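> Got a structure for you, questions after.
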Amino acid sequence: MLRTVISSAGWGAGTASGIAALESFPYAEITIDAAQAQMREGSLTAVQLTQAYLDRIAAIDAAGPQLNAVIEVNPAALAIAKARDAERAAGHVRGPLHGIPILIKDNIATADEMQTTAGSLALVDARPSVDADVTARLRDAGAVLLGKTNLSEWANFRSTRSTSGWSGRGGQTHNPYALDRSPSGSSSGSAVAVAANLCVVAVGTETDGSVVSPSSVNGIVGIKPTVGLVSRAGIIPISTSQDTAGPMARTVRDAVLLLEAMAGRGERDAATLAQPEGAGVGLVDALRPGALQGKRLGVFTFGFGEHPRMAVILAQARETLTGAGAELIDVPLPDRSAIGAAEIEVLRYEFKDGLNAWFRSLGDDAPVKSLADLICFNLEHRDREMPFFDQEEVELSELKGPLTEPEYLEALATSRRLTRDDGIDQLIAEHELDALICLTNGPAWMIDPVNGDNYTGGSSTLAAVSGYPAITVPAGQNLGLPIGLTFIGPAWSEAKVFALAGEFETLTQARRPPTFPPTVVLP
C-alpha cells in the first residue's frame with residue numbers, strides 16, 4: 001500500500017539522526033574509482049561491499065526512514081560478488097565496474113530469480129527468458145546486480161493524476177531530503193537509492209524526464225543519452241522514438257563510467273545501428289579541467305526565474321559558468337505547447353504498439369497478453385492497483401491504431417521538426433552554441449495521493465522528444481531540496497556535453513547527502 005507516513009517511531013526527530021545514519025556507513029559517497037582502489041590494495045572485497053549495501057537497504061530502506069526505493073534484492077548478489085572476487089584473485093579484472101554493486105530499475109529485464117514488472121502486479125511471475133541488452137552488458141562488465149528499484153508504475157504512463165514513485169507492487173518511494181516530498185519519477189527508486197547510498201550507481205530509464213527529474217530532486221547526476229546509444233531491447237517500453245536507459249550516480253565521472261559500460265550496438269534494437277563509429281567510447285577521457293573555457297552556452301529560463309530562490313540558484317550557476325570562461329547567451333524557448341500536443345499522440349500510439357509486443361514476448365503463460373487485458377486486470381484488482389489514481393493514459397492508448405496511421409506519422413514528424421530542425425539544431429547553429437543549459441526542475445513537491453503530482457516545473461521535454469543527450473548535475477538547494485542544472489547538446493555530442501557538466505560539478509561541489517528529515521527543515 002502507499003506509505004506516506006513514517007512508521008518507525010521517533011525516526012527523524014532531528015537532522016542529527018539522518019546524519020548519524022549516513023556517517024555510520026563506512027562506504028558513504030564512495031565512488032567507483034575509490035572502490036576499485038580499495039579492492040586492488042586488498043582492503044575491500046566485492047562481497048564485503050555488497051553485504052554492506054544489503055545491510056543498509058535493510059536498515060534504512062525497508063526499515064528506519066523506510067525510503068522504499070528497492071523493490072527487490074537479488075538473492076544471487078553475494079554469489080555474483082564472490083565470483084567477481086575470485087576473478088580478481090586470479091588476476092582477471094573486467095574493467096571499472098568489476099565487483100561494483102549496481103541497482104537497476106524494475107522495467108529492465110533480468111533472466112534470473114528477480115522479477116521484471118514495471119511495478120505492476122499484472123507482471124508478477126511473468127519472467128522474461130533473456131536479459132535486457134543493458135543487463136547483459138553490465139554482467140559482462142563485472143557489475144554485481146544488487147537488486148531492482150521501485151518506480152512510478154508503467155514508467156508513469158498510466159494516469160493523468162498519478163503519484164510519482166508509486167507502484168502497485170512496490171508502494172510509495174520517499175524523497176530522502178524530506179520524506180513527505182515526492183522522489184519524482186519514473187526512475188524514483190534508482191535516484192533515491194543513489195542519493196541515500198544504497199548502491200554505488202544505478203540505472204534508470206527515461207521517456208521524458210524520468211532520469212533527469214528524479215536525479216535533480218534527489219541531488220544526484222543523471223544522464224539521458226542520445227536515443228540509440230544504449231540498446232532498449234529487454235526494457236518494458238513506452239516509446240520507441242524516445243525511450244532510453246540512463247545512468248544515475250553521485251558524480252559525473254561515475255555516471256559516465258557506467259554509461260560507457262551500457263553503450264553499444266544491439267541487434268535487437270535497430271536504433272543502435274545508427275550510432276556513429278566510436279559513439280560511447282572515450283567519454284571518460286573527455287572529462288577534463290578547463291572544459292568550459294571559451295564555450296558558448298545558450299540559457300533557457302523555463303519560468304524558473306520567477307521564483308526568487310530558483311532565480312538565485314540560476315544566477316549562481318551563471319556566475320560559475322562565466323567565471324570559468326564560458327559565454328552565456330539567453331535563447332528563446334521553442335513552442336512547448338505544440339511540442340507537448342504532438343508528443344502525447346506519439347507516446348499513446350507507441351505505448352500500445354510496444355507494450356503489446358512486450359506481452360507477446362512473455363509467451364502463452366503470461367497473465368496478460370495485450371493492453372486490453374491489462375486494462376481488465378487493473379479493473380479486477382482495483383483495490384491494489386488503482387486505490388489512488390486510475391488508468392486514463394492506458395485507456396486512451398488502447399484506442400489508438402497501428403503506427404501506419406496518418407495521425408501518428410504526422411505527430412512524429414511534428415515532434416521531430418519542432419525539437420530538432422526548429423529546436424535544438426536551429427538554436428545551436430543560429431547562436432553558434434556548444435550546448436544549451438537550464439535548471440532541471442523545480443523543488444520536490446508534496447506526496448499527495450488525493451490530488452496526484454503537483455509538478456513545480458521541468459525542462460526535460462526538448463531533449464527527450466528530440467532524442468538528444470542531456471545531463472543534470474546538482475546546482476544548489478531550495479530550503480534543503482536539491483535543484484539540478486541540465487546541459488543539452490545535439491545528437492551524439494555526449495563527450496562535449498559531459499565535459500562541460502563535469503567542469504561545472506568540479507567548480508560548484510553542490511551535492512549534499514540527504515539527512516532523511518520527515519519534512520522540510522525551515523531555517
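The chains in the C-alpha cells are called A, B, ... from first to last as shown; in each chain the residues are counted from 1, and the ligands are counted from 1 in the order shown.
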What's the 12 Å shell around Gln426 in chain A, counting only C-alpha atoms, without same-chain residues fewer than 2 positions away, as a ChimeraX atom specification?

/A:298,331-334,417-424,428-433,435-436,489-490

> Considering only C-alpha atoms, return as a short mmCIF file (atom, residue, chain, number, x, y, z; two decimals) with all heavy atoms, in the first residue's frame whatever protein or nucleic-acid residues lie within 7 Å of Thr456 in chain A, sequence-local ones (same chain, fewer than 5 positions apart) excluded.


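Once everything was written out, this is result-v9.cif:
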data_model
loop_
_atom_site.label_atom_id
_atom_site.label_comp_id
_atom_site.auth_asym_id
_atom_site.auth_seq_id
_atom_site.Cartn_x
_atom_site.Cartn_y
_atom_site.Cartn_z
N ASN A 441 14.61 21.15 -12.80
CA ASN A 441 13.29 21.02 -12.18
C ASN A 441 13.10 22.09 -11.13
O ASN A 441 14.07 22.66 -10.62
CB ASN A 441 13.14 19.68 -11.46
CG ASN A 441 12.73 18.55 -12.34
OD1 ASN A 441 13.57 17.93 -12.96
ND2 ASN A 441 11.44 18.27 -12.41
N GLY A 442 11.85 22.29 -10.76
CA GLY A 442 11.57 22.96 -9.51
C GLY A 442 11.83 22.00 -8.36
O GLY A 442 12.20 20.84 -8.57
N PRO A 443 11.66 22.45 -7.11
CA PRO A 443 11.90 21.58 -5.96
C PRO A 443 10.86 20.47 -5.85
O PRO A 443 9.76 20.56 -6.43
CB PRO A 443 11.81 22.54 -4.77
CG PRO A 443 10.93 23.65 -5.26
CD PRO A 443 11.23 23.80 -6.72
N TRP A 445 7.86 18.31 -4.76
CA TRP A 445 6.55 18.66 -4.24
C TRP A 445 6.10 17.64 -3.21
O TRP A 445 6.72 16.58 -3.05
CB TRP A 445 5.55 18.74 -5.40
CG TRP A 445 5.52 17.50 -6.24
CD1 TRP A 445 4.66 16.45 -6.14
CD2 TRP A 445 6.42 17.18 -7.31
NE1 TRP A 445 4.97 15.48 -7.08
CE2 TRP A 445 6.04 15.90 -7.81
CE3 TRP A 445 7.51 17.83 -7.90
CZ2 TRP A 445 6.70 15.28 -8.86
CZ3 TRP A 445 8.17 17.20 -8.95
CH2 TRP A 445 7.78 15.95 -9.43
#

> Could you check which of A:Met386, A:Ile57, A:Ala86, A:Leu462 is closest to Met39 in chain A, using only C-alpha atoms?

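Residue with the minimum atom-to-atom distance to Met39 in chain A: A:Ala86.
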
> Name the residues in contact with Tyr177 in chain A at a cut-off of 10 Å, using only C-alpha atoms, excluding same-chain residues fewer than 5 positions from it; report them as a ChimeraX atom specification.

/A:18,182-183,192,195-196,217-219,444,480-482,512-521

> Put those residues in a file: all heavy atoms, as a short mmCIF file (atom, residue, chain, number, x, y, z; two decimals), in the first residue's frame.


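Listed below is the output, selection_5.cif:
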data_model
loop_
_atom_site.label_atom_id
_atom_site.label_comp_id
_atom_site.auth_asym_id
_atom_site.auth_seq_id
_atom_site.Cartn_x
_atom_site.Cartn_y
_atom_site.Cartn_z
N GLY A 18 19.53 11.61 10.86
CA GLY A 18 19.87 11.29 9.48
C GLY A 18 21.36 11.35 9.25
O GLY A 18 21.93 10.49 8.57
N SER A 182 7.91 14.28 -2.85
CA SER A 182 7.99 13.33 -3.95
C SER A 182 9.43 13.05 -4.35
O SER A 182 10.27 13.96 -4.37
CB SER A 182 7.23 13.88 -5.16
OG SER A 182 7.38 13.02 -6.29
N PRO A 183 9.73 11.80 -4.73
CA PRO A 183 11.04 11.49 -5.30
C PRO A 183 11.09 11.78 -6.79
O PRO A 183 12.11 11.55 -7.42
CB PRO A 183 11.17 9.99 -5.04
CG PRO A 183 9.76 9.48 -5.15
CD PRO A 183 8.90 10.59 -4.57
N VAL A 192 16.64 7.69 -5.59
CA VAL A 192 16.69 7.69 -4.13
C VAL A 192 17.79 6.74 -3.63
O VAL A 192 18.52 7.06 -2.69
CB VAL A 192 15.32 7.29 -3.55
CG1 VAL A 192 15.41 7.06 -2.04
CG2 VAL A 192 14.28 8.37 -3.86
N ALA A 195 21.11 8.49 -4.08
CA ALA A 195 21.22 9.62 -3.16
C ALA A 195 21.46 9.16 -1.73
O ALA A 195 22.25 9.76 -0.99
CB ALA A 195 19.96 10.47 -3.23
N ALA A 196 20.80 8.08 -1.33
CA ALA A 196 20.86 7.58 0.05
C ALA A 196 21.96 6.56 0.28
O ALA A 196 22.03 5.95 1.33
CB ALA A 196 19.51 6.98 0.43
N VAL A 217 15.79 16.21 -8.22
CA VAL A 217 15.17 16.42 -6.92
C VAL A 217 15.77 15.54 -5.84
O VAL A 217 15.47 15.73 -4.66
CB VAL A 217 13.63 16.23 -6.97
CG1 VAL A 217 13.01 17.12 -8.03
CG2 VAL A 217 13.25 14.78 -7.20
N ASN A 218 16.64 14.59 -6.23
CA ASN A 218 17.34 13.78 -5.24
C ASN A 218 18.84 14.07 -5.19
O ASN A 218 19.61 13.31 -4.61
CB ASN A 218 17.10 12.30 -5.52
CG ASN A 218 15.69 11.87 -5.17
OD1 ASN A 218 15.35 11.67 -4.00
ND2 ASN A 218 14.84 11.72 -6.17
N GLY A 219 19.26 15.17 -5.80
CA GLY A 219 20.62 15.66 -5.61
C GLY A 219 21.71 14.81 -6.21
O GLY A 219 22.81 14.73 -5.64
N ALA A 444 11.19 19.43 -5.12
CA ALA A 444 10.27 18.31 -4.93
C ALA A 444 8.98 18.80 -4.27
O ALA A 444 9.01 19.60 -3.33
CB ALA A 444 10.94 17.24 -4.07
N GLY A 480 16.78 23.29 1.36
CA GLY A 480 17.23 21.93 1.60
C GLY A 480 16.83 20.93 0.55
O GLY A 480 17.25 19.77 0.61
N LEU A 481 16.03 21.34 -0.43
CA LEU A 481 15.60 20.44 -1.50
C LEU A 481 16.49 20.67 -2.72
O LEU A 481 16.63 21.79 -3.20
CB LEU A 481 14.14 20.70 -1.86
CG LEU A 481 13.14 20.47 -0.72
CD1 LEU A 481 11.73 20.88 -1.17
CD2 LEU A 481 13.15 19.02 -0.26
N PRO A 482 17.12 19.61 -3.24
CA PRO A 482 18.09 19.77 -4.33
C PRO A 482 17.49 20.30 -5.62
O PRO A 482 16.34 20.00 -5.97
CB PRO A 482 18.63 18.34 -4.53
CG PRO A 482 18.34 17.64 -3.26
CD PRO A 482 17.06 18.22 -2.76
N ARG A 512 24.87 17.61 -1.74
CA ARG A 512 24.84 17.45 -0.29
C ARG A 512 24.09 16.15 0.01
O ARG A 512 22.96 15.98 -0.43
CB ARG A 512 24.12 18.62 0.38
CG ARG A 512 24.77 19.97 0.14
CD ARG A 512 26.11 20.10 0.88
NE ARG A 512 26.73 21.40 0.66
CZ ARG A 512 27.57 21.69 -0.32
NH1 ARG A 512 27.90 20.74 -1.19
NH2 ARG A 512 28.08 22.89 -0.45
N PRO A 513 24.70 15.22 0.75
CA PRO A 513 23.99 13.98 1.07
C PRO A 513 22.72 14.26 1.87
O PRO A 513 22.64 15.24 2.62
CB PRO A 513 25.01 13.20 1.91
CG PRO A 513 26.34 13.78 1.55
CD PRO A 513 26.07 15.23 1.28
N PRO A 514 21.71 13.41 1.74
CA PRO A 514 20.46 13.62 2.48
C PRO A 514 20.59 13.26 3.95
O PRO A 514 21.47 12.48 4.33
CB PRO A 514 19.49 12.67 1.78
CG PRO A 514 20.36 11.56 1.28
CD PRO A 514 21.66 12.21 0.88
N THR A 515 19.71 13.82 4.76
CA THR A 515 19.69 13.52 6.19
C THR A 515 18.35 12.93 6.64
O THR A 515 18.13 12.77 7.83
CB THR A 515 20.01 14.78 7.01
OG1 THR A 515 19.06 15.80 6.67
CG2 THR A 515 21.42 15.29 6.71
N PHE A 516 17.45 12.64 5.71
CA PHE A 516 16.20 11.93 5.95
C PHE A 516 15.26 12.61 6.93
O PHE A 516 14.62 11.94 7.74
CB PHE A 516 16.50 10.49 6.42
CG PHE A 516 17.61 9.82 5.68
CD1 PHE A 516 18.80 9.50 6.32
CD2 PHE A 516 17.50 9.54 4.34
CE1 PHE A 516 19.85 8.89 5.62
CE2 PHE A 516 18.53 8.93 3.64
CZ PHE A 516 19.70 8.61 4.28
N PRO A 517 15.11 13.94 6.90
CA PRO A 517 14.13 14.57 7.79
C PRO A 517 12.71 14.22 7.36
O PRO A 517 12.46 13.99 6.17
CB PRO A 517 14.41 16.06 7.60
CG PRO A 517 14.93 16.16 6.20
CD PRO A 517 15.76 14.92 6.00
N PRO A 518 11.77 14.16 8.28
CA PRO A 518 10.39 13.82 7.90
C PRO A 518 9.73 14.87 7.03
O PRO A 518 8.82 14.55 6.27
CB PRO A 518 9.67 13.66 9.24
CG PRO A 518 10.52 14.38 10.23
CD PRO A 518 11.93 14.27 9.74
N THR A 519 10.19 16.11 7.12
CA THR A 519 9.65 17.18 6.30
C THR A 519 10.73 18.23 6.11
O THR A 519 11.84 18.11 6.68
CB THR A 519 8.38 17.79 6.93
OG1 THR A 519 7.72 18.64 5.98
CG2 THR A 519 8.71 18.58 8.19
N VAL A 520 10.47 19.26 5.34
CA VAL A 520 11.46 20.31 5.12
C VAL A 520 11.79 20.98 6.45
O VAL A 520 10.89 21.35 7.22
CB VAL A 520 10.93 21.34 4.11
CG1 VAL A 520 11.83 22.57 4.06
CG2 VAL A 520 10.84 20.72 2.72
N VAL A 521 13.08 21.12 6.71
CA VAL A 521 13.53 21.79 7.94
C VAL A 521 13.70 23.27 7.63
O VAL A 521 14.58 23.67 6.86
CB VAL A 521 14.86 21.18 8.43
CG1 VAL A 521 15.35 21.91 9.68
CG2 VAL A 521 14.70 19.69 8.71
#

> Quick one: everything within 6 Å of Ile437 in chain A, counting only C-alpha atoms, minus sequence neighbours fewer than 6 positions away in the same chain. Send it as a VMD selection string.

chain A and resid 299 486 to 487

> Write out as a PyMOL selection string each polymer residue whose atoms come within 6 Å of range 42-50 of chain A, counting only C-alpha atoms; drop sequence neighbours fewer than 3 positions from it.

chain A and resi 38-39+53+78+81-82+99+101

> For the selection just defined, write its residues with C-alpha atoms to a file, as an mmCIF file, in the first residue's frame.


data_model
loop_
_atom_site.group_PDB
_atom_site.id
_atom_site.type_symbol
_atom_site.label_atom_id
_atom_site.label_comp_id
_atom_site.auth_asym_id
_atom_site.auth_seq_id
_atom_site.Cartn_x
_atom_site.Cartn_y
_atom_site.Cartn_z
ATOM 1 C CA GLN A 38 40.417 -0.393 -2.148
ATOM 2 C CA MET A 39 39.786 -3.698 -3.906
ATOM 3 C CA TYR A 53 24.711 -2.359 0.878
ATOM 4 C CA LEU A 78 26.527 -12.289 -2.877
ATOM 5 C CA ALA A 81 30.219 -10.772 -5.780
ATOM 6 C CA LYS A 82 32.082 -13.896 -4.676
ATOM 7 C CA GLY A 99 32.667 -6.043 -8.347
ATOM 8 C CA PRO A 101 27.129 -3.228 -6.683
#

> When you count only C-alpha atoms, which of these residues is closest to Leu283 in chain A: A:Val130, A:Ile30, A:Val497, A:Leu409?

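Ranked by minimum distance to Leu283 in chain A, first place goes to A:Val497.
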
> Taking the chain letters and numbering used in this document, name the residues of range 210-341 of chain A that DSSP puts in helix (DSSP H, G or I), as number ranges by chain.

A: 212-217, 252-262, 270-274, 304-306, 308-323, 336-341

> For Ser361 in chain A, find every residue with an atom within 9 Å (counting only C-alpha atoms), except residues of its own chain fewer than 3 positions away, and show them as number ranges by chain.

A: 128-129, 356-358, 364

> Taking only C-alpha atoms into account, name the residue in A:Thr163, A:Asp330, A:Lys400, A:Ile375 that is nearest to Pro449 in chain A.

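Closest to Pro449 in chain A of all the choices is A:Thr163.
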
> Work out how far apart CA of Thr173 in chain A and CA of Ser152 in chain A are and give it in Å to one decimal.

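Interatomic distance here is 8.9 Å.
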
> Could you work out how far CA of Met114 in chain A lies from CA of Glu393 in chain A, giving the answer in Å with one decimal?

27.6 Å

> Tell me, in Å to one decimal, how far CA of Pro474 in chain A is from CA of Ser190 in chain A.

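Atom-to-atom, CA of Pro474 in chain A and CA of Ser190 in chain A are spaced 16.2 Å apart.
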
> Within 8 Å of Ile339 in chain A, counting only C-alpha atoms, which residues qualify if same-chain residues fewer than 2 places away don't, as a ChimeraX atom specification?

/A:335-337,341-343,414-415,418-419

> Filtering to N, CA, C and O atoms, could you give me those residues as a PDB file, in the first residue's frame?


ATOM      1  N   ASP A 335       8.150  26.329 -28.993  1.00  0.00           N
ATOM      2  CA  ASP A 335       6.723  26.278 -28.650  1.00  0.00           C
ATOM      3  C   ASP A 335       6.441  24.999 -27.866  1.00  0.00           C
ATOM      4  O   ASP A 335       6.161  23.940 -28.435  1.00  0.00           O
ATOM      5  N   ARG A 336       6.501  25.102 -26.556  1.00  0.00           N
ATOM      6  CA  ARG A 336       6.374  23.914 -25.714  1.00  0.00           C
ATOM      7  C   ARG A 336       4.983  23.295 -25.788  1.00  0.00           C
ATOM      8  O   ARG A 336       4.821  22.079 -25.686  1.00  0.00           O
ATOM      9  N   SER A 337       3.936  24.124 -25.957  1.00  0.00           N
ATOM     10  CA  SER A 337       2.579  23.570 -26.032  1.00  0.00           C
ATOM     11  C   SER A 337       2.397  22.740 -27.295  1.00  0.00           C
ATOM     12  O   SER A 337       1.782  21.658 -27.259  1.00  0.00           O
ATOM     13  N   ALA A 341       1.655  18.668 -27.372  1.00  0.00           N
ATOM     14  CA  ALA A 341       0.478  18.100 -28.027  1.00  0.00           C
ATOM     15  C   ALA A 341       0.870  16.996 -29.005  1.00  0.00           C
ATOM     16  O   ALA A 341       0.219  15.951 -29.090  1.00  0.00           O
ATOM     17  N   ALA A 342       1.941  17.223 -29.756  1.00  0.00           N
ATOM     18  CA  ALA A 342       2.408  16.195 -30.689  1.00  0.00           C
ATOM     19  C   ALA A 342       2.999  15.012 -29.932  1.00  0.00           C
ATOM     20  O   ALA A 342       2.767  13.843 -30.308  1.00  0.00           O
ATOM     21  N   GLU A 343       3.750  15.301 -28.874  1.00  0.00           N
ATOM     22  CA  GLU A 343       4.401  14.226 -28.129  1.00  0.00           C
ATOM     23  C   GLU A 343       3.403  13.242 -27.558  1.00  0.00           C
ATOM     24  O   GLU A 343       3.598  12.020 -27.644  1.00  0.00           O
ATOM     25  N   THR A 414       6.032  16.143 -36.632  1.00  0.00           N
ATOM     26  CA  THR A 414       5.937  17.442 -35.962  1.00  0.00           C
ATOM     27  C   THR A 414       6.846  17.490 -34.743  1.00  0.00           C
ATOM     28  O   THR A 414       7.559  18.480 -34.512  1.00  0.00           O
ATOM     29  N   SER A 415       6.838  16.417 -33.950  1.00  0.00           N
ATOM     30  CA  SER A 415       7.684  16.364 -32.753  1.00  0.00           C
ATOM     31  C   SER A 415       9.151  16.545 -33.119  1.00  0.00           C
ATOM     32  O   SER A 415       9.873  17.338 -32.488  1.00  0.00           O
ATOM     33  N   LEU A 418       9.908  20.215 -34.526  1.00  0.00           N
ATOM     34  CA  LEU A 418       9.892  21.283 -33.526  1.00  0.00           C
ATOM     35  C   LEU A 418      11.058  21.192 -32.553  1.00  0.00           C
ATOM     36  O   LEU A 418      11.536  22.218 -32.052  1.00  0.00           O
ATOM     37  N   THR A 419      11.524  19.980 -32.268  1.00  0.00           N
ATOM     38  CA  THR A 419      12.585  19.832 -31.261  1.00  0.00           C
ATOM     39  C   THR A 419      13.975  19.704 -31.874  1.00  0.00           C
ATOM     40  O   THR A 419      14.968  20.003 -31.213  1.00  0.00           O
TER      41      THR A 419
END

> I'd like to know which of A:Ala59, A:Leu297, A:Tyr349, A:Pro276 is closest to Ser24 in chain A, using only C-alpha atoms.

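Answer, going by the shortest atom-to-atom distance: A:Ala59.
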
> Which residue is closest to Gln51 in chain A? Choose from A:Phe157, A:Trp492, A:Tyr27, A:Trp166 and count only C-alpha atoms.

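The closest residue to Gln51 in chain A is A:Tyr27.
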